[in-house]
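S.K.: Got a file for you: work30.csv, CSV, C-alpha atoms.
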```csv
chain,number,residue,atom,x,y,z
A,1,MET,CA,0.0,0.0,0.0
A,2,THR,CA,1.4,3.4,-1.0
A,3,MET,CA,1.9,6.2,1.5
A,4,ASN,CA,-0.8,8.3,-0.2
A,5,VAL,CA,-3.3,5.4,0.0
A,6,ILE,CA,-2.4,4.9,3.7
A,7,LYS,CA,-3.0,8.6,4.5
A,8,GLN,CA,-6.3,8.6,2.5
A,9,SER,CA,-7.4,5.5,4.3
A,10,PHE,CA,-6.7,7.0,7.7
A,11,ALA,CA,-8.4,10.2,6.8
A,12,LEU,CA,-11.5,8.3,5.6
A,13,PHE,CA,-11.4,6.2,8.8
A,14,LEU,CA,-11.4,9.3,10.9
A,15,ILE,CA,-14.3,10.9,9.0
A,16,LEU,CA,-16.4,7.7,9.3
A,17,LEU,CA,-15.5,7.4,12.9
A,18,LEU,CA,-16.5,11.0,13.7
A,19,ASN,CA,-19.8,10.6,11.8
A,20,GLN,CA,-20.5,7.3,13.6
A,21,SER,CA,-19.7,8.8,17.0
A,22,CYS,CA,-21.8,11.9,16.4
A,23,ALA,CA,-24.8,9.8,15.2
A,24,ALA,CA,-24.6,7.6,18.3
A,25,LYS,CA,-24.6,10.5,20.8
A,26,SER,CA,-27.8,12.4,21.7
A,27,LYS,CA,-26.8,14.1,25.0
A,28,ASP,CA,-25.9,17.8,24.6
A,29,SER,CA,-22.4,18.6,25.9
A,30,ASP,CA,-21.6,21.4,28.3
A,31,SER,CA,-20.9,24.7,26.5
A,32,SER,CA,-17.3,24.6,27.8
A,33,LEU,CA,-16.7,21.2,26.2
A,34,LYS,CA,-16.7,19.9,22.6
A,35,SER,CA,-15.9,16.8,20.7
A,36,ILE,CA,-12.3,16.7,19.5
A,37,HIS,CA,-12.6,16.0,15.8
A,38,GLU,CA,-10.1,13.9,13.7
A,39,PHE,CA,-8.4,12.6,16.9
A,40,VAL,CA,-8.8,9.2,18.4
A,41,MET,CA,-9.9,9.2,22.0
A,42,GLY,CA,-9.4,5.6,23.0
A,43,VAL,CA,-10.1,3.5,26.1
A,44,ASP,CA,-9.0,-0.1,26.7
A,45,LEU,CA,-12.0,-1.9,28.2
A,46,SER,CA,-10.6,-5.4,28.0
A,47,TYR,CA,-11.4,-6.2,31.7
A,48,VAL,CA,-15.0,-5.0,31.7
A,49,ASN,CA,-16.8,-8.3,31.0
A,50,GLN,CA,-14.8,-10.0,33.7
A,51,VAL,CA,-15.4,-7.2,36.2
A,52,GLU,CA,-19.1,-7.2,35.6
A,53,ASP,CA,-19.3,-11.0,35.8
A,54,PHE,CA,-17.9,-10.7,39.3
A,55,GLY,CA,-20.0,-8.0,40.8
A,56,GLY,CA,-18.5,-4.8,39.5
A,57,THR,CA,-20.9,-2.0,38.6
A,58,TYR,CA,-20.5,1.4,36.9
A,59,LYS,CA,-22.6,4.4,37.9
A,60,GLU,CA,-23.1,8.0,36.7
A,61,GLU,CA,-24.6,10.4,39.2
A,62,GLY,CA,-25.4,7.5,41.4
A,63,LYS,CA,-27.3,5.5,38.9
A,64,VAL,CA,-26.1,2.2,37.4
A,65,LYS,CA,-25.4,2.6,33.7
A,66,ASP,CA,-23.8,0.6,30.8
A,67,VAL,CA,-20.1,1.4,31.0
A,68,TYR,CA,-19.8,1.4,27.2
A,69,SER,CA,-22.5,4.0,27.0
A,70,ILE,CA,-20.7,6.1,29.7
A,71,PHE,CA,-17.5,6.2,27.7
A,72,SER,CA,-19.3,7.0,24.4
A,73,ASP,CA,-21.3,9.8,26.0
A,74,HIS,CA,-18.1,11.3,27.4
A,75,GLY,CA,-16.1,11.5,24.2
A,76,ALA,CA,-14.6,8.1,23.6
A,77,ASN,CA,-14.6,7.1,19.9
A,78,MET,CA,-12.5,3.9,20.0
A,79,VAL,CA,-12.3,0.9,22.3
A,80,ARG,CA,-9.1,-1.1,22.5
A,81,LEU,CA,-9.4,-4.8,23.2
A,82,ARG,CA,-6.7,-7.4,23.7
A,83,ILE,CA,-7.0,-10.9,22.3
A,84,TRP,CA,-5.0,-13.9,23.5
A,85,ASN,CA,-4.7,-17.1,21.4
A,86,ASN,CA,-5.9,-19.6,23.9
A,87,PRO,CA,-6.0,-18.3,27.5
A,88,ASP,CA,-7.1,-21.6,29.1
A,89,TRP,CA,-4.9,-20.7,32.1
A,90,ILE,CA,-8.0,-18.8,33.3
A,91,TYR,CA,-9.5,-22.2,34.2
A,92,GLN,CA,-6.8,-22.4,36.9
A,93,VAL,CA,-8.4,-19.2,38.4
A,94,TYR,CA,-12.1,-19.9,38.0
A,95,GLY,CA,-12.6,-23.5,37.1
A,96,GLU,CA,-13.5,-25.4,33.9
A,97,ASN,CA,-16.8,-23.6,33.4
A,98,SER,CA,-15.3,-20.1,33.2
A,99,SER,CA,-15.4,-17.8,30.2
A,100,LEU,CA,-12.0,-17.5,28.7
A,101,TYR,CA,-11.6,-13.7,29.1
A,102,SER,CA,-9.7,-12.0,26.3
A,103,GLY,CA,-10.3,-15.1,24.2
A,104,PHE,CA,-12.2,-15.0,20.9
A,105,ASP,CA,-15.7,-15.3,22.2
A,106,ASP,CA,-15.1,-12.7,25.0
A,107,VAL,CA,-13.6,-10.3,22.5
A,108,LYS,CA,-16.4,-10.8,20.1
A,109,LYS,CA,-18.9,-9.8,22.9
A,110,SER,CA,-16.9,-6.7,23.6
A,111,ILE,CA,-16.7,-5.6,20.0
A,112,ARG,CA,-20.4,-5.9,19.7
A,113,ARG,CA,-20.9,-3.7,22.8
A,114,SER,CA,-18.5,-1.2,21.4
A,115,LYS,CA,-20.1,-0.9,18.0
A,116,ALA,CA,-23.6,-0.7,19.6
A,117,GLN,CA,-22.4,2.5,21.2
A,118,GLY,CA,-21.0,4.0,18.0
A,119,MET,CA,-17.4,3.4,19.0
A,120,ALA,CA,-14.7,2.0,16.7
A,121,VAL,CA,-12.4,-0.9,17.8
A,122,ASN,CA,-8.7,-1.4,18.0
A,123,LEU,CA,-8.1,-5.2,18.3
A,124,ASP,CA,-4.7,-5.8,19.9
A,125,PHE,CA,-3.2,-9.2,18.9
A,126,HIS,CA,-0.8,-10.3,21.7
A,127,TYR,CA,0.2,-13.5,19.8
A,128,SER,CA,0.4,-15.2,23.2
A,129,ASP,CA,-1.9,-17.1,25.5
A,130,THR,CA,-1.3,-14.6,28.2
A,131,TRP,CA,0.1,-11.1,28.8
A,132,ALA,CA,2.6,-9.8,26.3
A,133,ASP,CA,4.8,-6.9,27.3
A,134,PRO,CA,8.5,-5.9,27.0
A,135,ALA,CA,9.6,-8.6,29.5
A,136,HIS,CA,7.1,-11.3,28.5
A,137,GLN,CA,6.6,-12.4,24.9
A,138,THR,CA,5.6,-16.1,25.5
A,139,VAL,CA,4.9,-18.2,22.5
A,140,PRO,CA,1.3,-19.7,22.4
A,141,LYS,CA,1.2,-23.4,23.4
A,142,ALA,CA,-0.1,-24.3,19.9
A,143,TRP,CA,3.1,-23.0,18.3
A,144,GLU,CA,5.8,-23.7,20.9
A,145,ASN,CA,7.3,-26.7,19.0
A,146,ILE,CA,7.7,-24.9,15.7
A,147,THR,CA,11.3,-24.8,14.5
A,148,ASP,CA,10.9,-23.3,11.1
A,149,ILE,CA,10.5,-19.5,10.7
A,150,ASN,CA,8.4,-20.0,7.6
A,151,VAL,CA,6.0,-22.3,9.5
A,152,LEU,CA,5.7,-19.8,12.3
A,153,ALA,CA,5.0,-16.9,9.9
A,154,ASP,CA,2.3,-19.0,8.2
A,155,SER,CA,0.8,-19.8,11.6
A,156,VAL,CA,0.6,-16.1,12.5
A,157,TYR,CA,-0.9,-15.4,9.1
A,158,GLN,CA,-3.5,-18.2,9.4
A,159,TYR,CA,-4.5,-17.3,13.0
A,160,THR,CA,-4.8,-13.5,12.3
A,161,TYR,CA,-6.8,-14.2,9.1
A,162,HIS,CA,-9.1,-16.7,10.8
A,163,VAL,CA,-9.9,-14.3,13.7
A,164,LEU,CA,-10.7,-11.4,11.4
A,165,ASN,CA,-12.6,-13.6,8.9
A,166,GLU,CA,-14.8,-15.0,11.7
A,167,LEU,CA,-15.5,-11.4,13.0
A,168,SER,CA,-16.4,-10.3,9.4
A,169,LYS,CA,-19.2,-12.9,9.3
A,170,ASP,CA,-21.0,-10.9,11.9
A,171,ASN,CA,-20.0,-7.4,10.7
A,172,LEU,CA,-17.7,-7.1,13.7
A,173,LEU,CA,-14.4,-6.3,12.0
A,174,PRO,CA,-12.2,-3.9,14.0
A,175,GLU,CA,-11.3,-0.5,12.5
A,176,MET,CA,-7.8,-0.8,13.7
A,177,VAL,CA,-5.5,-3.9,14.4
A,178,GLN,CA,-2.4,-4.0,16.4
A,179,ILE,CA,0.2,-6.6,15.3
A,180,GLY,CA,1.7,-7.3,18.7
A,181,ASN,CA,1.7,-5.7,22.1
A,182,GLU,CA,4.7,-3.8,23.5
A,183,THR,CA,7.1,-5.7,21.2
A,184,ASN,CA,10.3,-3.9,22.4
A,185,CYS,CA,12.5,-6.9,21.7
A,186,GLY,CA,10.1,-8.6,19.4
A,187,LEU,CA,7.5,-11.4,19.5
A,188,MET,CA,7.5,-14.8,21.2
A,189,HIS,CA,11.1,-14.7,22.4
A,190,THR,CA,10.8,-15.6,26.1
A,191,ASP,CA,10.4,-19.2,27.5
A,192,THR,CA,10.9,-20.8,24.1
A,193,ASN,CA,12.7,-24.0,23.3
A,194,LYS,CA,16.2,-23.7,21.9
A,195,ASP,CA,15.1,-24.6,18.4
A,196,PHE,CA,12.2,-22.1,18.2
A,197,PRO,CA,12.9,-19.3,15.6
A,198,LYS,CA,14.8,-16.5,17.2
A,199,LEU,CA,12.6,-13.4,17.1
A,200,SER,CA,14.4,-11.0,19.5
A,201,ILE,CA,15.7,-7.9,17.8
A,202,CYS,CA,17.6,-7.2,21.0
A,203,ASP,CA,19.7,-10.1,19.8
A,204,ASP,CA,19.7,-8.7,16.3
A,205,ASN,CA,17.2,-11.0,14.8
A,206,TRP,CA,15.5,-8.3,12.8
A,207,THR,CA,14.9,-10.3,9.6
A,208,SER,CA,13.1,-13.1,11.4
A,209,LEU,CA,10.9,-10.7,13.4
A,210,GLY,CA,10.1,-8.9,10.1
A,211,LYS,CA,8.9,-12.0,8.4
A,212,VAL,CA,6.5,-12.7,11.3
A,213,LEU,CA,5.2,-9.2,11.5
A,214,ASN,CA,4.7,-9.0,7.8
A,215,ALA,CA,2.7,-12.2,7.9
A,216,GLY,CA,0.3,-10.7,10.4
A,217,ILE,CA,0.1,-7.5,8.3
A,218,ARG,CA,-0.5,-9.5,5.1
A,219,ALA,CA,-3.5,-11.3,6.8
A,220,VAL,CA,-5.1,-8.0,7.6
A,221,ARG,CA,-4.6,-6.7,4.1
A,222,ASP,CA,-6.0,-9.9,2.6
A,223,ILE,CA,-9.1,-9.5,4.8
A,224,ASP,CA,-9.4,-5.9,3.6
A,225,ALA,CA,-9.2,-7.1,0.0
A,226,LYS,CA,-12.0,-9.7,0.6
A,227,THR,CA,-14.3,-7.3,2.5
A,228,GLY,CA,-13.6,-3.9,0.9
A,229,LYS,CA,-12.5,-2.5,4.3
A,230,SER,CA,-9.5,-0.3,5.0
A,231,THR,CA,-8.2,-1.4,8.4
A,232,ILE,CA,-5.6,0.8,10.1
A,233,ILE,CA,-2.6,-1.3,11.1
A,234,ALA,CA,-0.6,-0.3,14.2
A,235,LEU,CA,2.7,-1.5,15.7
A,236,HIS,CA,3.4,-1.0,19.4
A,237,VAL,CA,6.4,-0.5,21.7
A,238,ALA,CA,6.7,0.7,25.2
A,239,ASP,CA,8.5,3.8,26.3
A,240,PRO,CA,9.1,6.8,24.0
A,241,LYS,CA,12.8,6.4,24.5
A,242,ASN,CA,12.6,3.4,22.1
A,243,LEU,CA,10.7,5.1,19.3
A,244,ASP,CA,13.6,6.2,17.1
A,245,PHE,CA,15.6,2.9,17.5
A,246,TRP,CA,12.6,0.6,17.1
A,247,TYR,CA,10.7,2.1,14.2
A,248,LYS,CA,13.7,2.9,12.1
A,249,GLY,CA,15.0,-0.6,12.7
A,250,ILE,CA,11.7,-2.3,12.0
A,251,MET,CA,11.5,-0.4,8.7
A,252,ASN,CA,15.1,-0.4,7.5
A,253,LYS,CA,16.4,-3.7,9.0
A,254,ALA,CA,13.4,-5.9,9.2
A,255,GLY,CA,11.6,-4.6,6.1
A,256,VAL,CA,8.3,-3.9,7.8
A,257,THR,CA,6.9,-0.9,6.1
A,258,ASP,CA,3.2,-1.6,5.3
A,259,PHE,CA,1.7,-0.2,8.5
A,260,ASP,CA,-0.1,3.0,9.3
A,261,VAL,CA,0.5,3.9,13.0
A,262,ALA,CA,3.6,3.9,15.0
A,263,GLY,CA,2.2,3.3,18.5
A,264,PHE,CA,3.7,3.5,21.9
A,265,SER,CA,2.9,3.2,25.6
A,266,TYR,CA,3.6,6.2,27.8
A,267,TYR,CA,3.5,5.7,31.6
A,268,PRO,CA,5.5,8.4,33.4
A,269,HIS,CA,5.6,6.1,36.3
A,270,TRP,CA,8.1,3.9,34.4
A,271,HIS,CA,9.1,5.9,31.3
A,272,THR,CA,11.3,8.5,32.8
A,273,GLU,CA,14.1,9.1,30.2
A,274,VAL,CA,11.8,11.2,28.0
A,275,SER,CA,10.3,13.9,30.2
A,276,PHE,CA,6.7,15.1,29.9
A,277,SER,CA,7.8,18.3,28.4
A,278,GLU,CA,10.1,16.6,25.9
A,279,LEU,CA,7.6,14.1,24.7
A,280,PRO,CA,5.9,16.3,22.0
A,281,ASN,CA,9.2,16.9,20.2
A,282,VAL,CA,10.0,13.2,20.2
A,283,VAL,CA,6.7,12.5,18.6
A,284,LYS,CA,7.0,15.3,16.1
A,285,LYS,CA,10.5,14.1,15.1
A,286,LEU,CA,9.4,10.5,14.7
A,287,ARG,CA,6.5,11.5,12.4
A,288,THR,CA,9.0,13.5,10.2
A,289,ASP,CA,11.6,10.8,10.1
A,290,ILE,CA,9.5,7.8,9.3
A,291,GLY,CA,6.5,9.3,7.5
A,292,LYS,CA,4.0,7.4,9.7
A,293,ASP,CA,1.2,8.6,11.9
A,294,VAL,CA,1.9,8.3,15.7
A,295,MET,CA,-0.4,7.4,18.5
A,296,ILE,CA,-0.2,6.8,22.3
A,297,LEU,CA,-1.8,3.3,22.6
A,298,GLU,CA,-1.5,3.1,26.4
A,299,THR,CA,-1.3,5.7,29.2
A,300,ALA,CA,-2.7,6.2,32.7
A,301,TYR,CA,-2.4,8.4,35.7
A,302,PRO,CA,-3.7,7.8,39.3
A,303,TYR,CA,-6.4,9.9,40.9
A,304,THR,CA,-5.9,8.7,44.5
A,305,LEU,CA,-3.5,6.8,46.7
A,306,LYS,CA,-6.3,4.8,48.4
A,307,ASP,CA,-6.6,1.1,47.7
A,308,ASN,CA,-10.1,-0.3,47.5
A,309,ASP,CA,-9.2,-4.0,48.0
A,310,THR,CA,-6.4,-6.4,48.9
A,311,TYR,CA,-4.9,-6.4,45.4
A,312,THR,CA,-2.0,-4.0,45.8
A,313,ASN,CA,-2.2,-1.0,43.5
A,314,ILE,CA,0.6,-0.6,41.0
A,315,PHE,CA,0.6,3.2,41.1
A,316,GLY,CA,1.7,4.9,44.3
A,317,VAL,CA,3.1,8.2,45.5
A,318,GLU,CA,6.2,7.7,43.3
A,319,SER,CA,3.9,7.9,40.2
A,320,VAL,CA,3.3,11.7,40.6
A,321,VAL,CA,4.4,14.0,37.8
A,322,GLU,CA,5.4,17.5,38.9
A,323,GLY,CA,2.5,19.9,38.5
A,324,TYR,CA,-0.1,17.1,38.5
A,325,PRO,CA,-1.1,16.1,42.1
A,326,ILE,CA,-2.6,12.7,42.6
A,327,SER,CA,-6.2,13.7,42.7
A,328,VAL,CA,-9.2,13.7,40.3
A,329,GLU,CA,-8.3,17.1,39.1
A,330,GLY,CA,-4.6,16.2,38.8
A,331,GLN,CA,-5.5,13.2,36.7
A,332,ARG,CA,-7.8,15.3,34.6
A,333,SER,CA,-5.3,18.0,34.1
A,334,PHE,CA,-2.5,15.6,33.2
A,335,LEU,CA,-4.7,14.0,30.5
A,336,ILE,CA,-5.8,17.3,29.1
A,337,ASP,CA,-2.3,18.5,28.8
A,338,LEU,CA,-1.0,15.2,27.4
A,339,THR,CA,-3.8,15.2,24.8
A,340,LYS,CA,-3.2,18.8,23.9
A,341,ASN,CA,0.6,18.1,23.6
A,342,MET,CA,-0.1,15.2,21.3
A,343,MET,CA,-2.4,17.2,19.1
A,344,ASP,CA,0.1,20.0,18.8
A,345,ALA,CA,2.8,17.4,17.9
A,346,GLY,CA,0.6,16.0,15.1
A,347,ALA,CA,-0.2,12.7,16.8
A,348,LYS,CA,-3.5,10.9,15.9
A,349,GLY,CA,-4.7,9.8,19.2
A,350,VAL,CA,-4.4,8.9,22.9
A,351,MET,CA,-5.7,5.7,24.4
A,352,TYR,CA,-6.2,5.2,28.1
A,353,TRP,CA,-5.4,1.7,29.5
A,354,GLU,CA,-8.1,0.1,31.6
A,355,PRO,CA,-10.1,3.1,32.9
A,356,ALA,CA,-12.8,0.7,34.0
A,357,TRP,CA,-10.8,-1.9,35.9
A,358,VAL,CA,-12.6,-1.1,39.2
A,359,SER,CA,-12.5,-3.3,42.3
A,360,SER,CA,-14.8,-6.4,42.2
A,361,ASP,CA,-14.5,-10.1,43.0
A,362,MET,CA,-12.7,-10.8,39.8
A,363,LYS,CA,-9.3,-12.6,40.1
A,364,ASP,CA,-6.2,-13.3,38.1
A,365,LEU,CA,-3.0,-15.2,38.9
A,366,TRP,CA,-1.8,-12.5,41.2
A,367,GLY,CA,-4.7,-11.2,43.2
A,368,LYS,CA,-8.4,-10.5,43.7
A,369,GLY,CA,-9.9,-7.2,42.8
A,370,SER,CA,-8.0,-4.6,40.9
A,371,ALA,CA,-4.4,-3.4,40.9
A,372,TRP,CA,-5.5,-0.3,39.0
A,373,ASP,CA,-8.6,0.9,40.9
A,374,ASN,CA,-6.8,4.1,41.8
A,375,ALA,CA,-6.2,4.9,38.1
A,376,THR,CA,-9.7,4.4,36.7
A,377,PHE,CA,-12.4,7.1,36.1
A,378,PHE,CA,-14.6,5.6,38.9
A,379,ASP,CA,-14.5,6.1,42.6
A,380,SER,CA,-14.6,3.5,45.3
A,381,LEU,CA,-18.4,3.2,45.0
A,382,GLY,CA,-18.3,2.9,41.2
A,383,ASN,CA,-19.4,6.4,40.5
A,384,LEU,CA,-17.9,8.3,37.5
A,385,THR,CA,-15.4,11.0,38.3
A,386,LYS,CA,-14.4,14.2,36.5
A,387,GLY,CA,-11.2,12.5,35.3
A,388,ILE,CA,-13.1,11.4,32.2
A,389,ASP,CA,-13.8,14.9,31.1
A,390,TYR,CA,-10.4,15.3,29.3
A,391,MET,CA,-11.9,13.6,26.3
A,392,LEU,CA,-14.4,16.4,25.7
A,393,TYR,CA,-12.3,19.3,27.0
A,394,ASP,CA,-12.0,22.2,24.6
A,395,ASN,CA,-8.2,22.6,24.5
A,396,LYS,CA,-8.5,26.0,22.9
A,397,LYS,CA,-9.8,27.3,26.2
A,398,LYS,CA,-7.0,25.9,28.3
```
Before anything else, please render the file you have as structure tokens.

M.R.:
Amino acid sequence: MTMNVIKQSFALFLILLLNQSCAAKSKDSDSSLKSIHEFVMGVDLSYVNQVEDFGGTYKEEGKVKDVYSIFSDHGANMVRLRIWNNPDWIYQVYGENSSLYSGFDDVKKSIRRSKAQGMAVNLDFHYSDTWADPAHQTVPKAWENITDINVLADSVYQYTYHVLNELSKDNLLPEMVQIGNETNCGLMHTDTNKDFPKLSICDDNWTSLGKVLNAGIRAVRDIDAKTGKSTIIALHVADPKNLDFWYKGIMNKAGVTDFDVAGFSYYPHWHTEVSFSELPNVVKKLRTDIGKDVMILETAYPYTLKDNDTYTNIFGVESVVEGYPISVEGQRSFLIDLTKNMMDAGAKGVMYWEPAWVSSDMKDLWGKGSAWDNATFFDSLGNLTKGIDYMLYDNKKK
């Protein structure tokens, strides 16, 4: 796909997204707020089904309300959802009758809920049965005995194509697809057997990683050709310090060029080498250097230091950014300024990670409740806070 076609596709996507979002919303906004056009306001709601299945509720002004409706009404125009190949480890947590959260059926349910509220979808393929992040890129069990890079690339192609093809049968294709999650050193490179194809670019295996990424990309493009869609393809690394190294390497060394969005995670709690004030210049330079759109695919900021359950919160006092106290207003101000900075730098969007992972009786392998309840947009009683208002804030009046 040529650069002009990519840009035209992204522009068309944003127009359609805006029209869809506006058509879905009926509530008048406060005069001091407005929808931010041609910019993705994303929220990762991957945990919502699990939270709700185990007693979690969401309220606005004291009344229980569909959380997807809440986010749509408050400016979200895209929902990000992770998908794991076969997360049957969840049976260890809940037993054999449990839903496989972030598996295909669960994701399909979430996509349906998103689209019902007029929000587009970013489907995040982890290419793992469990969490994928910079330190954990574990090969799915179904592929762990593969020894040929061509077989692995074909497996990624077939899996990606199958998932998207099945979604297309119910008109549930995502508007954006991520090929991998926080792939700083690459895909499927931890806890693998010695004969598994080497996919770590931190060990200089750029060509092998490129073959696998291109296989996933090709599956998306083939679905587009079949359905007449124009899916936006994003790649994703963590920490803005890695943007220049990774994206220039993935394009020039690995030969991966057919993507639309250079995505990254930005958590000031961990990502300290690029300061908050320096971030816009880093983004602007990357856009110029590689000729791709740029987007924050994950970010978050705490609104309190209180913990609502026994699952220890990840964000504490050390998470504070100067000028943004840990409070609802501090969280809101941080997100307003971050969003404005990204707009000014020419980025295409900001996605907030798990703003609805409130405390409930849900469990994972590490705890019960939520390790993120102090970084959501809901208080300890499940009531919506003003932190969410950044998505509709009129930055021209800031």

S.K.: Might you pull out every residue within 7 Å of Ser46 in chain A, with all atoms listed in the file counted and same-chain residues fewer than 5 positions away left off, and present them as a PyMOL selection string?

M.R.: chain A and resi 81-82+102

S.K.: Which value, in Å to one decimal, gives the distance between CA of Leu172 in chain A and CA of Tyr58 in chain A?

M.R.: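 Those two atoms sit 24.9 Å apart.
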
S.K.: Find the spatial neighbours of range 340-346 of chain A, counting all atoms listed in the file, within a cut-off of 10 Å - ignore same-chain residues fewer than 2 positions away - and output them as a PyMOL selection string.

M.R.: chain A and resi 36+38-39+276-285+287+293-296+334-338+348-350+390+393-396+398

S.K.: Write out as a list in words the residues lying within 7 Å of Thr299 in chain A, counting all atoms listed in the file and excluding same-chain residues fewer than 6 positions away.

M.R.: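 Within the cut-off, the hits are Ser265, Tyr266, Tyr267, Met351, Tyr352 and Trp353 of chain A.
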
S.K.: Hey, can you check how far CA of Glu322 in chain A sits from CA of Ala375 in chain A?

M.R.: 17.1 Å

S.K.: Rounded to one decimal, what separation in Å do you get between CA of Gly180 in chain A and CA of Gln158 in chain A?

M.R.: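 About the pair CA of Gly180 in chain A and CA of Gln158 in chain A: they are 15.2 Å apart.
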
S.K.: Fewer than 2 positions away in the same chain doesn't count, so skip those; otherwise give me all residues within 9 Å of Ala254 in chain A, counting all atoms listed in the file, as a tab-separated table (two decimals) with C-alpha atoms, in the frame of the given file.

M.R.:
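selection23.tsv written:
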```tsv
chain	number	residue	atom	x	y	z
A	205	ASN	CA	17.20	-11.00	14.80
A	206	TRP	CA	15.50	-8.30	12.80
A	207	THR	CA	14.90	-10.30	9.60
A	208	SER	CA	13.10	-13.10	11.40
A	209	LEU	CA	10.90	-10.70	13.40
A	210	GLY	CA	10.10	-8.90	10.10
A	211	LYS	CA	8.90	-12.00	8.40
A	249	GLY	CA	15.00	-0.60	12.70
A	250	ILE	CA	11.70	-2.30	12.00
A	251	MET	CA	11.50	-0.40	8.70
A	252	ASN	CA	15.10	-0.40	7.50
A	256	VAL	CA	8.30	-3.90	7.80
A	257	THR	CA	6.90	-0.90	6.10
```

S.K.: Counting only C-alpha atoms, find the residues whose atoms lie at most 12 Å from (2.1, -1.4, 8.5) (file coordinates) and write them out as a PyMOL selection string.

M.R.: chain A and resi 1-3+6-7+176-180+210+213-221+231-236+247+250-251+255-263+290-293

S.K.: So which residues touch Tyr127 in chain A within 8 Å, counting only C-alpha atoms, skipping near sequence neighbours fewer than 6 positions away, as number ranges by chain?

M.R.: A: 84-85, 139-140, 156, 180, 187-188

S.K.: Tell me which of A:His126, A:Lys226, A:Lys194, A:His189 sits closest to Tyr161 in chain A, counting only C-alpha atoms.

M.R.: A:Lys226

S.K.: Go through A:Gly382, A:Phe377, A:Ser333, A:Lys306 one by one, measure the shortest atom-to-atom distance of each to Ser360 in chain A using all atoms listed in the file, and give the residue with the smallest value.

M.R.: A:Gly382

S.K.: Which of these residues is nearest to Leu167 in chain A, using only C-alpha atoms: A:Asp105, A:Glu318, A:Asp129, A:Asp204?

M.R.: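 Of A:Asp105, A:Glu318, A:Asp129, A:Asp204, the one nearest Leu167 in chain A, counting only C-alpha atoms, is A:Asp105.
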
S.K.: Given the choices A:Lys368, A:Lys253, A:Lys141, A:His271, which gets closest to Asp239 in chain A if the distance is worked out from all atoms listed in the file?

M.R.: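 Nearest candidate to Asp239 in chain A out of A:Lys368, A:Lys253, A:Lys141, A:His271: A:His271.
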